[in-house]
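Colleague: Got a structure for you, written out below as structure tokens; questions coming shortly.
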Amino acid sequence: MSTKQWIIEDFEAGDLGLSSGETLAAARLHYHQIGELNAPKDNLILLPTYYGGAAAGNHPWVGAGSPLDPDRYCIVIPSLLGAGESSSPSNTFGALGGHRFPRVSLYDNVQLQKRLVDDVFGGARLALVMGWSMGGMQALQWGSLFPDRVDAVLATCCTARCCPHNRVFLEGVKAALTCDQDFRDGHYQEPPVRGLRAFARVYAGWAYSQAFFRHQRWREAGFESIEHLLQCWEQDHLAQDANNLLTTLDTWQRGNLADNPIYAGDITAALSNITMPTVMMPSATDLYFTEEDAIADARGMPGARVQTLSSDWGHIAGGSGREAASHRQILQAARSLLARQER
């Protein structure tokens, strides 16, 4: 078993021009790293983070028994802009702090990550880009924007775009938060507690599937009751900043593989550039990143195949270390993708 430890760093990028036309001053990309880059610079694995998640949330994909072995690979987890670790409303002060934080796209996130790879990791090739949910959307962006730098993509419980029903779901949780009078259009001095609690309870009903509750799978997740599950979701969201949640929610809602200067809205061209071996892993019971939408996206990617997670856990099935059976299936897909490169 590897004795290597996670290294936690910040990449100071200076002023970052955004696709919105705004500028994020003194942009900072927070990341975790374990393992070292090899001499050919072709063993880098990137694990972008998901909505509401910190970099440490992807740690369970790495380590003992995993193909993501830090003795063989240099593994880097970059944190989403706006989510609280990289530059975000909660840690930016002055003219861009709080509700004034600029709109950030998935394209902006990936462009900043590429600067990290170029400046810190010497322009390394990516053996694999792998992510869940918004992390998977970023992985697809990497494959589409930089096909000459990416050897394989693994995207769990995500699609290339935020589909219409997904957008409506997000409008619901957003309304639950912003309806709290203490939110004050983002000008709050104290956390909007009632809004954060409401956001969490509404979100929990979408994150899992009907079968998860029908078959009491919440017991397998360590919850004593449905109410216990809801209370844990509340506590998780009470620890998060409301403007952070809304900033990254906006990034998610506007997520579109083709919404950037390279493709100018041409989704067919954006999908067709994903020619490297790619695995799309939807959950059969995901209520908002649906299997049907993921299959439709994969048809446009020359290098893609679909491996569905047969799980009652809904969207949560695709997360790092969330459900044992799905976790094993995800790591087996990663193992197969990495093994192809060794032939």
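Labels used: A, B, ... for chains in the order of the structure tokens, numbers from 1 for residues in each chain, and numbers from 1 for ligands as shown.
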Do a neighbour search on A:Gly195 at 7 Å with only C-alpha atoms, toss out local chain neighbours closer than 4 positions, and write the hits as a list of chain:residue names.
Modeller: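 Using only C-alpha atoms, the neighbours found are A:Ala176, A:Leu177, A:Thr178, A:Cys179, A:Asp180, A:Phe199.
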Colleague: List as a list in words the protein and nucleic acid residues near A:Asn166, meaning an atom at most 12 Å away when only C-alpha atoms are counted, but skip any in the same chain fewer than 3 places from it.
Modeller: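 Once the adjacent positions are removed, what remains is Ser133, Cys158, Thr159, Arg161, Cys162, Cys163, Phe169, Leu170, Glu171, Gly172, Val173, Trp206, Ala207, Leu249, Trp252, Gln253, Arg254, Gly255, Asp286, Leu287, Tyr288, Phe289, Thr290, Asp293 and His315 of chain A.
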Colleague: Save out the residues we just selected, N, CA and C atoms, as a PDB file, in the first residue's frame.
Modeller:
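Result file is out05.pdb:
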```pdb
ATOM      1  N   SER A 133     -20.918  13.964 -11.901  1.00  0.00           N
ATOM      2  CA  SER A 133     -21.834  15.096 -11.929  1.00  0.00           C
ATOM      3  C   SER A 133     -21.157  16.301 -12.613  1.00  0.00           C
ATOM      4  N   CYS A 158     -23.628  12.245 -15.527  1.00  0.00           N
ATOM      5  CA  CYS A 158     -23.597  13.593 -16.077  1.00  0.00           C
ATOM      6  C   CYS A 158     -23.998  13.540 -17.546  1.00  0.00           C
ATOM      7  N   THR A 159     -24.166  14.705 -18.123  1.00  0.00           N
ATOM      8  CA  THR A 159     -24.416  14.852 -19.554  1.00  0.00           C
ATOM      9  C   THR A 159     -23.551  15.987 -20.078  1.00  0.00           C
ATOM     10  N   ARG A 161     -24.608  18.603 -21.545  1.00  0.00           N
ATOM     11  CA  ARG A 161     -25.322  19.863 -21.326  1.00  0.00           C
ATOM     12  C   ARG A 161     -26.263  19.710 -20.148  1.00  0.00           C
ATOM     13  N   CYS A 162     -26.641  20.827 -19.542  1.00  0.00           N
ATOM     14  CA  CYS A 162     -27.700  20.811 -18.546  1.00  0.00           C
ATOM     15  C   CYS A 162     -29.020  20.784 -19.303  1.00  0.00           C
ATOM     16  N   CYS A 163     -29.678  19.634 -19.297  1.00  0.00           N
ATOM     17  CA  CYS A 163     -30.904  19.456 -20.081  1.00  0.00           C
ATOM     18  C   CYS A 163     -32.085  20.206 -19.446  1.00  0.00           C
ATOM     19  N   PHE A 169     -35.339  21.445 -12.252  1.00  0.00           N
ATOM     20  CA  PHE A 169     -35.013  20.944 -10.916  1.00  0.00           C
ATOM     21  C   PHE A 169     -34.170  21.964 -10.158  1.00  0.00           C
ATOM     22  N   LEU A 170     -33.145  22.512 -10.805  1.00  0.00           N
ATOM     23  CA  LEU A 170     -32.269  23.475 -10.151  1.00  0.00           C
ATOM     24  C   LEU A 170     -33.003  24.772  -9.809  1.00  0.00           C
ATOM     25  N   GLU A 171     -33.960  25.171 -10.642  1.00  0.00           N
ATOM     26  CA  GLU A 171     -34.762  26.349 -10.317  1.00  0.00           C
ATOM     27  C   GLU A 171     -35.524  26.137  -9.013  1.00  0.00           C
ATOM     28  N   GLY A 172     -35.980  24.899  -8.779  1.00  0.00           N
ATOM     29  CA  GLY A 172     -36.717  24.604  -7.557  1.00  0.00           C
ATOM     30  C   GLY A 172     -35.868  24.744  -6.306  1.00  0.00           C
ATOM     31  N   VAL A 173     -34.663  24.147  -6.316  1.00  0.00           N
ATOM     32  CA  VAL A 173     -33.821  24.255  -5.114  1.00  0.00           C
ATOM     33  C   VAL A 173     -33.331  25.689  -4.921  1.00  0.00           C
ATOM     34  N   TRP A 206     -34.346  14.753  -4.748  1.00  0.00           N
ATOM     35  CA  TRP A 206     -33.926  14.575  -6.136  1.00  0.00           C
ATOM     36  C   TRP A 206     -32.633  13.768  -6.251  1.00  0.00           C
ATOM     37  N   ALA A 207     -31.780  13.852  -5.263  1.00  0.00           N
ATOM     38  CA  ALA A 207     -30.458  13.236  -5.360  1.00  0.00           C
ATOM     39  C   ALA A 207     -30.530  11.714  -5.370  1.00  0.00           C
ATOM     40  N   LEU A 249     -24.309  26.708  -8.864  1.00  0.00           N
ATOM     41  CA  LEU A 249     -25.562  26.277  -9.484  1.00  0.00           C
ATOM     42  C   LEU A 249     -25.753  26.957 -10.831  1.00  0.00           C
ATOM     43  N   TRP A 252     -23.594  25.281 -13.340  1.00  0.00           N
ATOM     44  CA  TRP A 252     -24.229  24.019 -13.722  1.00  0.00           C
ATOM     45  C   TRP A 252     -25.367  24.264 -14.713  1.00  0.00           C
ATOM     46  N   GLN A 253     -26.258  25.189 -14.382  1.00  0.00           N
ATOM     47  CA  GLN A 253     -27.417  25.441 -15.253  1.00  0.00           C
ATOM     48  C   GLN A 253     -26.994  25.858 -16.653  1.00  0.00           C
ATOM     49  N   ARG A 254     -25.913  26.612 -16.740  1.00  0.00           N
ATOM     50  CA  ARG A 254     -25.457  27.083 -18.044  1.00  0.00           C
ATOM     51  C   ARG A 254     -24.460  26.136 -18.693  1.00  0.00           C
ATOM     52  N   GLY A 255     -24.217  24.996 -18.041  1.00  0.00           N
ATOM     53  CA  GLY A 255     -23.253  24.040 -18.567  1.00  0.00           C
ATOM     54  C   GLY A 255     -23.634  23.523 -19.940  1.00  0.00           C
ATOM     55  N   ASP A 286     -31.135   7.882 -12.002  1.00  0.00           N
ATOM     56  CA  ASP A 286     -30.826   9.305 -11.823  1.00  0.00           C
ATOM     57  C   ASP A 286     -32.027  10.122 -12.292  1.00  0.00           C
ATOM     58  N   LEU A 287     -32.494  11.047 -11.458  1.00  0.00           N
ATOM     59  CA  LEU A 287     -33.689  11.810 -11.778  1.00  0.00           C
ATOM     60  C   LEU A 287     -33.414  13.072 -12.585  1.00  0.00           C
ATOM     61  N   TYR A 288     -32.150  13.510 -12.689  1.00  0.00           N
ATOM     62  CA  TYR A 288     -31.916  14.739 -13.439  1.00  0.00           C
ATOM     63  C   TYR A 288     -30.805  14.635 -14.470  1.00  0.00           C
ATOM     64  N   PHE A 289     -29.739  13.885 -14.244  1.00  0.00           N
ATOM     65  CA  PHE A 289     -28.806  13.535 -15.318  1.00  0.00           C
ATOM     66  C   PHE A 289     -29.222  12.140 -15.800  1.00  0.00           C
ATOM     67  N   THR A 290     -30.210  12.091 -16.655  1.00  0.00           N
ATOM     68  CA  THR A 290     -30.868  10.822 -16.939  1.00  0.00           C
ATOM     69  C   THR A 290     -30.048   9.931 -17.878  1.00  0.00           C
ATOM     70  N   ASP A 293     -30.597  10.802 -21.580  1.00  0.00           N
ATOM     71  CA  ASP A 293     -29.835  11.959 -22.068  1.00  0.00           C
ATOM     72  C   ASP A 293     -28.352  11.613 -22.234  1.00  0.00           C
ATOM     73  N   HIS A 315     -28.815   9.631  -8.470  1.00  0.00           N
ATOM     74  CA  HIS A 315     -27.628  10.389  -8.874  1.00  0.00           C
ATOM     75  C   HIS A 315     -26.428  10.079  -7.980  1.00  0.00           C
TER      76      HIS A 315
END
```
Colleague: For each of A:Arg340, A:His228, A:His32, A:His59, take the minimum atom-to-atom distance to A:Pro277, counting only C-alpha atoms, then give the residue where this is smallest.
Modeller: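 Closest residue, counting only C-alpha atoms: A:Arg340.
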Colleague: Of the residues A:Trp132, A:Tyr263, A:Tyr208, A:Trp6, which is the one nearest to A:Gly52, using only C-alpha atoms?
Modeller: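 Counting only C-alpha atoms, the residue closest to A:Gly52 is A:Trp132.
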Colleague: Could you give me, as a PyMOL selection string, the residues within 7 Å of stretch 11-20 of chain A, counting only C-alpha atoms and dropping anything in the same chain fewer than 5 positions from it?
Modeller: chain A and resi 25-30+103-104+108+116
Colleague: A:Ala127: which residues within 12 Å, counting only C-alpha atoms, same-chain residues fewer than 6 positions away excluded, as an NGL selection string?
Modeller: :A and (37-38 or 40-47 or 67-68 or 72-76 or 142-143 or 147-154 or 276-278 or 334-335 or 337-342)
Colleague: Based on DSSP run over this structure's backbone, return all residues of stretch 70-227 of chain A in alpha helix (DSSP H), as an MDAnalysis selection string.
Modeller: chainID A and resid 106:120 134:145 164:178 193:207 210:214 226:227
Colleague: Considering only strand (DSSP E or B) as DSSP defines it on the backbone, what residues of stretch 67-313 of chain A qualify? List them as a PyMOL selection string.
Modeller: chain A and resi 74-78+126-132+150+153-156+161+256+278-281+283+304-306+309
Colleague: Quick one: residues within 9 Å of stretch 320-323 of chain A, only C-alpha atoms counted, chain neighbours fewer than 4 positions away excluded, as a ChimeraX atom specification?
Modeller: /A:57-61,131-132,220-221,311,313,316,327-328,330
Colleague: With only C-alpha atoms as the atoms that count, which of A:Glu85, A:Glu190, A:Asp241, A:Asp71 lies nearest to A:Tyr31?
Modeller: A:Glu85
